[in-house]
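Peer 1: Contents of model.csv (CSV, C-alpha atoms) are given next:
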chain,number,residue,atom,x,y,z
A,160,MET,CA,-22.0,1.7,57.5
A,161,LYS,CA,-24.9,2.4,59.8
A,162,PHE,CA,-22.6,3.0,62.8
A,163,PHE,CA,-20.5,5.3,60.7
A,164,LEU,CA,-23.6,7.3,59.8
A,165,LEU,CA,-24.7,7.5,63.4
A,166,PHE,CA,-21.3,8.7,64.5
A,167,ILE,CA,-21.0,11.3,61.8
A,168,LEU,CA,-24.5,12.5,62.1
A,169,CYS,CA,-24.0,13.2,65.8
A,170,LEU,CA,-20.8,15.2,65.0
A,171,THR,CA,-22.3,17.2,62.2
A,172,GLY,CA,-25.6,18.0,63.9
A,173,PHE,CA,-27.8,16.2,61.4
A,174,PRO,CA,-30.7,14.3,63.0
A,175,SER,CA,-29.8,10.7,63.3
A,176,PRO,CA,-31.8,8.3,61.1
A,177,LEU,CA,-31.3,5.6,63.7
A,178,LEU,CA,-32.9,7.6,66.5
A,179,SER,CA,-35.8,9.0,64.5
A,180,GLN,CA,-37.5,8.7,61.2
A,181,ARG,CA,-34.9,8.2,58.4
A,182,ASP,CA,-33.6,11.3,56.7
A,183,PRO,CA,-32.6,10.2,53.2
A,184,ALA,CA,-31.2,13.5,52.1
A,185,SER,CA,-28.8,13.7,55.1
A,186,GLU,CA,-27.9,10.0,54.5
A,187,TRP,CA,-27.1,10.8,50.9
A,188,HIS,CA,-24.9,13.7,51.9
A,189,LEU,CA,-22.9,11.4,54.3
A,190,LEU,CA,-22.7,8.6,51.7
A,191,TYR,CA,-21.4,11.1,49.1
A,192,LEU,CA,-18.6,12.2,51.6
A,193,GLN,CA,-17.5,8.6,51.7
A,194,ILE,CA,-17.6,8.3,48.0
A,195,ARG,CA,-15.8,11.7,47.5
A,196,ASP,CA,-13.1,10.8,50.0
A,197,ARG,CA,-12.8,7.1,48.8
A,198,LEU,CA,-13.9,5.6,52.1
A,199,ILE,CA,-16.3,3.1,50.6
A,200,VAL,CA,-16.1,0.4,47.9
A,201,LYS,CA,-18.1,1.1,44.8
A,202,GLU,CA,-20.5,-1.8,45.0
A,203,GLU,CA,-21.5,-1.0,48.6
A,204,ALA,CA,-21.9,2.7,47.6
A,205,ARG,CA,-24.1,1.7,44.7
A,206,ARG,CA,-26.3,-0.5,46.9
A,207,GLU,CA,-26.7,2.3,49.5
A,208,LEU,CA,-27.4,4.9,46.8
A,209,ARG,CA,-30.1,2.7,45.2
A,210,GLU,CA,-31.9,2.4,48.6
A,211,LEU,CA,-31.6,6.2,49.2
A,212,GLU,CA,-33.1,7.1,45.9
A,213,ILE,CA,-36.2,5.0,46.7
A,214,LEU,CA,-36.5,6.8,50.0
A,215,LEU,CA,-36.0,10.3,48.4
A,216,LYS,CA,-38.8,9.6,45.9
A,217,LYS,CA,-41.1,8.7,48.7
A,218,ALA,CA,-40.1,11.8,50.7
A,219,TYR,CA,-40.7,14.2,47.9
A,220,PRO,CA,-44.1,15.9,48.3
A,221,GLU,CA,-46.7,14.9,45.7
A,222,ASN,CA,-47.9,18.5,45.3
A,223,LEU,CA,-44.4,19.6,44.1
A,224,LYS,CA,-44.3,17.0,41.3
A,225,LYS,CA,-47.1,18.8,39.4
A,226,GLY,CA,-46.6,21.5,36.8
A,227,THR,CA,-42.8,21.5,36.9
A,228,GLY,CA,-42.4,21.5,33.2
A,229,ASP,CA,-39.6,19.9,31.1
A,230,ARG,CA,-37.4,23.0,30.4
A,231,LEU,CA,-34.4,23.7,32.5
A,232,CYS,CA,-33.8,27.2,34.0
A,233,PHE,CA,-30.5,28.6,32.9
A,234,PRO,CA,-28.2,28.3,36.0
A,235,LEU,CA,-26.7,31.8,35.8
A,236,LYS,CA,-29.1,34.7,36.5
A,237,GLY,CA,-28.8,37.5,33.9
A,238,TYR,CA,-26.8,35.3,31.5
A,239,THR,CA,-27.6,33.5,28.3
A,240,PRO,CA,-26.3,30.3,26.7
A,241,THR,CA,-23.5,32.3,25.1
A,242,SER,CA,-21.7,31.9,28.4
A,243,ILE,CA,-21.2,28.1,27.9
A,244,GLY,CA,-17.6,27.3,27.4
A,245,GLY,CA,-16.2,25.6,24.3
A,246,LYS,CA,-17.6,25.5,20.8
A,247,GLN,CA,-21.1,24.2,20.5
A,248,GLY,CA,-20.8,22.3,23.8
A,249,SER,CA,-17.4,20.9,23.2
A,250,GLY,CA,-16.4,21.3,26.8
A,251,TYR,CA,-18.4,18.2,27.7
A,252,LYS,CA,-15.9,15.3,27.7
A,253,PRO,CA,-17.3,12.4,29.7
A,254,GLN,CA,-14.7,9.8,28.6
A,255,GLY,CA,-13.4,7.9,31.6
A,256,TYR,CA,-15.8,9.5,34.0
A,257,ASP,CA,-17.1,7.4,36.9
A,258,PHE,CA,-19.4,9.0,39.5
A,259,PHE,CA,-18.0,6.7,42.2
A,260,ASP,CA,-14.4,8.0,41.6
A,261,SER,CA,-15.7,11.4,42.7
A,262,ASN,CA,-12.8,13.7,43.6
A,263,GLN,CA,-10.4,11.6,41.6
A,264,HIS,CA,-12.6,11.2,38.5
A,265,LYS,CA,-11.4,11.5,35.0
A,266,GLY,CA,-12.9,13.5,32.1
A,267,HIS,CA,-15.0,16.6,32.2
A,268,PRO,CA,-18.6,15.4,32.4
A,269,GLY,CA,-20.3,18.8,32.3
A,270,HIS,CA,-20.2,22.4,31.1
A,271,ASP,CA,-18.4,25.5,32.4
A,272,LEU,CA,-20.6,28.6,32.3
A,273,PHE,CA,-18.4,31.7,32.4
A,274,ILE,CA,-19.2,35.1,33.9
A,275,ARG,CA,-17.8,38.5,32.9
A,276,ASP,CA,-14.9,38.7,35.4
A,277,LYS,CA,-11.6,39.9,33.8
A,278,ASN,CA,-10.0,40.9,37.2
A,279,GLN,CA,-11.0,37.6,38.8
A,280,ASP,CA,-12.7,39.2,41.8
A,281,GLY,CA,-15.7,37.0,41.5
A,282,LEU,CA,-18.0,39.9,40.6
A,283,ASP,CA,-19.7,40.7,37.3
A,284,ASP,CA,-17.6,43.3,35.5
A,285,ASP,CA,-20.8,45.2,34.4
A,286,THR,CA,-22.8,45.2,37.6
A,287,GLY,CA,-20.0,44.9,40.2
A,288,LYS,CA,-22.2,42.3,42.0
A,289,PRO,CA,-22.0,38.6,42.5
A,290,VAL,CA,-23.7,36.4,39.9
A,291,GLU,CA,-26.5,34.3,41.4
A,292,VAL,CA,-26.6,30.5,40.6
A,293,LEU,CA,-30.2,29.3,40.0
A,294,SER,CA,-31.5,25.8,40.3
A,295,ALA,CA,-32.0,24.4,36.8
A,296,SER,CA,-34.7,22.1,38.1
A,297,PRO,CA,-37.0,21.4,41.1
A,298,GLY,CA,-35.7,18.8,43.6
A,299,ILE,CA,-34.1,18.0,46.9
A,300,VAL,CA,-30.8,19.3,48.1
A,301,VAL,CA,-28.8,16.2,48.9
A,302,SER,CA,-25.3,17.5,49.5
A,303,VAL,CA,-23.5,20.8,50.0
A,304,ASN,CA,-19.9,21.7,50.7
A,305,LEU,CA,-19.2,24.9,52.6
A,306,ASN,CA,-16.2,27.0,53.7
A,307,TRP,CA,-13.7,25.7,51.1
A,308,ARG,CA,-10.1,26.8,51.6
A,309,PRO,CA,-7.2,27.0,49.1
A,310,SER,CA,-5.5,24.3,51.1
A,311,SER,CA,-8.3,21.8,50.3
A,312,ALA,CA,-7.8,19.3,47.4
A,313,ILE,CA,-11.6,19.2,46.8
A,314,ARG,CA,-12.0,19.9,43.1
A,315,GLY,CA,-15.6,21.3,43.3
A,316,GLY,CA,-14.9,23.8,46.0
A,317,ASN,CA,-18.2,24.9,47.5
A,318,TYR,CA,-20.8,22.9,45.7
A,319,VAL,CA,-24.4,21.8,45.7
A,320,TRP,CA,-26.0,18.5,44.6
A,321,ILE,CA,-29.7,18.3,43.9
A,322,TYR,CA,-31.8,15.2,43.2
A,323,GLU,CA,-34.8,15.5,40.9
A,324,PRO,CA,-37.0,12.4,41.7
A,325,MET,CA,-39.4,12.9,38.8
A,326,LYS,CA,-36.6,12.4,36.2
A,327,ASP,CA,-34.1,10.3,38.3
A,328,ARG,CA,-31.6,13.1,37.8
A,329,TYR,CA,-28.8,14.7,39.8
A,330,TYR,CA,-27.6,18.2,39.2
A,331,TYR,CA,-24.2,19.4,40.4
A,332,TYR,CA,-23.2,23.0,40.8
A,333,ALA,CA,-19.5,23.6,41.6
A,334,HIS,CA,-17.0,26.5,42.4
A,335,LEU,CA,-19.6,28.5,44.3
A,336,GLN,CA,-18.6,31.4,46.5
A,337,GLU,CA,-21.7,31.5,48.7
A,338,VAL,CA,-24.2,28.7,49.3
A,339,PHE,CA,-27.8,29.6,50.2
A,340,VAL,CA,-29.4,26.2,50.6
A,341,LYS,CA,-29.0,23.3,53.0
A,342,VAL,CA,-29.3,19.5,52.9
A,343,GLY,CA,-32.9,18.3,52.8
A,344,GLN,CA,-34.3,21.6,51.4
A,345,MET,CA,-36.9,21.3,48.7
A,346,VAL,CA,-36.1,23.8,45.8
A,347,PHE,CA,-38.1,25.0,42.9
A,348,ARG,CA,-36.8,25.6,39.4
A,349,GLY,CA,-35.2,29.0,39.3
A,350,GLU,CA,-34.6,29.2,43.1
A,351,ARG,CA,-31.3,30.8,44.3
A,352,LEU,CA,-28.7,28.2,45.3
A,353,GLY,CA,-25.7,30.5,45.8
A,354,THR,CA,-23.3,32.7,43.9
A,355,VAL,CA,-20.5,32.0,41.4
A,356,GLY,CA,-17.1,31.9,42.9
A,357,ARG,CA,-13.5,30.7,42.4
A,358,THR,CA,-13.5,27.9,44.9
A,359,GLY,CA,-12.0,24.5,44.0
A,360,LEU,CA,-8.6,23.1,43.4
A,361,ASN,CA,-8.2,24.3,39.8
A,362,ALA,CA,-10.9,27.0,39.6
A,363,TYR,CA,-9.0,29.0,42.3
A,364,ARG,CA,-5.9,29.3,40.2
A,365,LYS,CA,-5.2,32.4,38.1
A,366,LYS,CA,-5.2,30.5,34.8
A,367,SER,CA,-8.8,29.6,35.4
A,368,SER,CA,-11.6,32.1,34.3
A,369,THR,CA,-14.4,32.5,36.8
A,370,HIS,CA,-17.2,30.0,36.0
A,371,LEU,CA,-19.9,27.7,37.3
A,372,HIS,CA,-19.3,24.0,36.6
A,373,PHE,CA,-22.6,22.4,35.9
A,374,THR,CA,-23.3,18.7,35.4
A,375,VAL,CA,-26.3,16.5,35.0
A,376,HIS,CA,-26.5,12.8,35.8
A,377,HIS,CA,-29.3,10.3,35.1
A,378,SER,CA,-29.4,7.5,37.7
A,379,VAL,CA,-30.7,4.0,37.2
A,380,GLU,CA,-30.9,1.9,40.4
A,381,GLY,CA,-28.2,3.8,42.1
A,382,SER,CA,-25.8,4.1,39.2
A,383,PRO,CA,-25.5,7.8,38.1
A,384,THR,CA,-24.3,8.4,34.6
A,385,SER,CA,-23.4,11.8,33.2
A,386,ILE,CA,-25.6,13.1,30.3
A,387,ASN,CA,-24.9,16.1,28.1
A,388,PRO,CA,-27.4,18.9,28.9
A,389,TYR,CA,-26.1,21.2,26.1
A,390,ASN,CA,-29.3,21.2,24.1
A,391,GLU,CA,-31.4,21.7,27.2
A,392,LEU,CA,-29.2,24.6,28.2
A,393,MET,CA,-29.6,26.2,24.8
A,394,GLN,CA,-33.4,26.1,25.2
A,395,ALA,CA,-33.5,26.9,28.9
A,396,ILE,CA,-35.6,29.5,30.6
A,397,GLN,CA,-33.6,32.7,31.3
A,398,LYS,CA,-34.0,34.9,34.4
Could you spell out this file's structure in structure tokens?

Peer 2:
Amino acid sequence: MKFFLLFILCLTGFPSPLLSQRDPASEWHLLYLQIRDRLIVKEEARRELRELEILLKKAYPENLKKGTGDRLCFPLKGYTPTSIGGKQGSGYKPQGYDFFDSNQHKGHPGHDLFIRDKNQDGLDDDTGKPVEVLSASPGIVVSVNLNWRPSSAIRGGNYVWIYEPMKDRYYYYAHLQEVFVKVGQMVFRGERLGTVGRTGLNAYRKKSSTHLHFTVHHSVEGSPTSINPYNELMQAIQK
């Protein structure tokens, strides 16, 4: 595993954790690529993830842990909870979901937040502008995917993963058009992460309405489990 990380880090331009102080966010990103592409067995991935969560907590600045509040920020700027798909959060269907199955996972362990985009150009029909995706929480960016192409089988398209050390939570934002953040970046609640798009295997198809896929996981010792954030989204701060 360590030699794989060193090789990939050199190729991707991330600073090597073996040649300098360890960079847990970059290591998380590379581990997730292995999980996503099924290049690692679940038990090894869980062990690695448990170690990285400890390091991420240590790396998170103490001054950023204060005054963060418990309420989420609604992830779509200028939108309200009425954009949540389904009836009273019925879009959340976690049955059969396993974080370590990643790109091949079952179920729908999150909520789709739809924008006004009848012509499917990725722009808000009222403003004619992209809709910004905001960070629901403070935390550390631990993985991003960029430059998705229709030939790619990646279901999330362009995505962002954020880890919130204070609550042991992961937040996943998928189907983005643009991504404004990078791995290792500390973000505040309400900070811009990117814009809503139509990237991803199914989201790209005409039958899919333009939306942000948003999921929340609670992790206990390297075992992320999806939780339903519907009630939190209903009470979220709107910008």

Peer 1: What does the distance between CA of Glu210 (chain A) and CA of Ala312 (chain A) come to in Å, to one decimal place?

Peer 2: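 For CA of Glu210 (chain A) relative to CA of Ala312 (chain A), the distance reads 29.5 Å.
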
Peer 1: Distance table requested - region 225-251 of chain A against region 259-281 of chain A, cut-off 6 Å, only C-alpha atoms: one row per qualifying residue with the closest atom pair and its distance in Å to one decimal, ordered by chain and rising residue number, as a tab-separated table.

Peer 2:
residue	atom	partner	partner_atom	distance
A:Ser242	CA	A:Phe273	CA	5.2
A:Ile243	CA	A:Leu272	CA	4.5
A:Gly244	CA	A:Asp271	CA	5.4
A:Gly250	CA	A:His270	CA	5.8
A:Tyr251	CA	A:Gly269	CA	5.0

Peer 1: Please indicate the distance in Å from CA of Leu235 (chain A) to CA of Pro289 (chain A), rounded to one decimal place.

Peer 2: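 One can read the CA of Leu235 (chain A) to CA of Pro289 (chain A) distance as 10.6 Å.
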
Peer 1: What is the distance, in Å and to one decimal place, between CA of Leu190 (chain A) and CA of Asp327 (chain A)?

Peer 2: 17.7 Å

Peer 1: Name all residues at most 8 Å from Trp320 (chain A) (count all atoms listed in the file; drop same-chain ones fewer than 2 positions away) and give them as a CSV table (one decimal) with C-alpha atoms, in the coordinates of the input.

Peer 2:
chain,number,residue,atom,x,y,z
A,300,VAL,CA,-30.8,19.3,48.1
A,301,VAL,CA,-28.8,16.2,48.9
A,302,SER,CA,-25.3,17.5,49.5
A,303,VAL,CA,-23.5,20.8,50.0
A,318,TYR,CA,-20.8,22.9,45.7
A,322,TYR,CA,-31.8,15.2,43.2
A,329,TYR,CA,-28.8,14.7,39.8
A,330,TYR,CA,-27.6,18.2,39.2
A,331,TYR,CA,-24.2,19.4,40.4
A,332,TYR,CA,-23.2,23.0,40.8
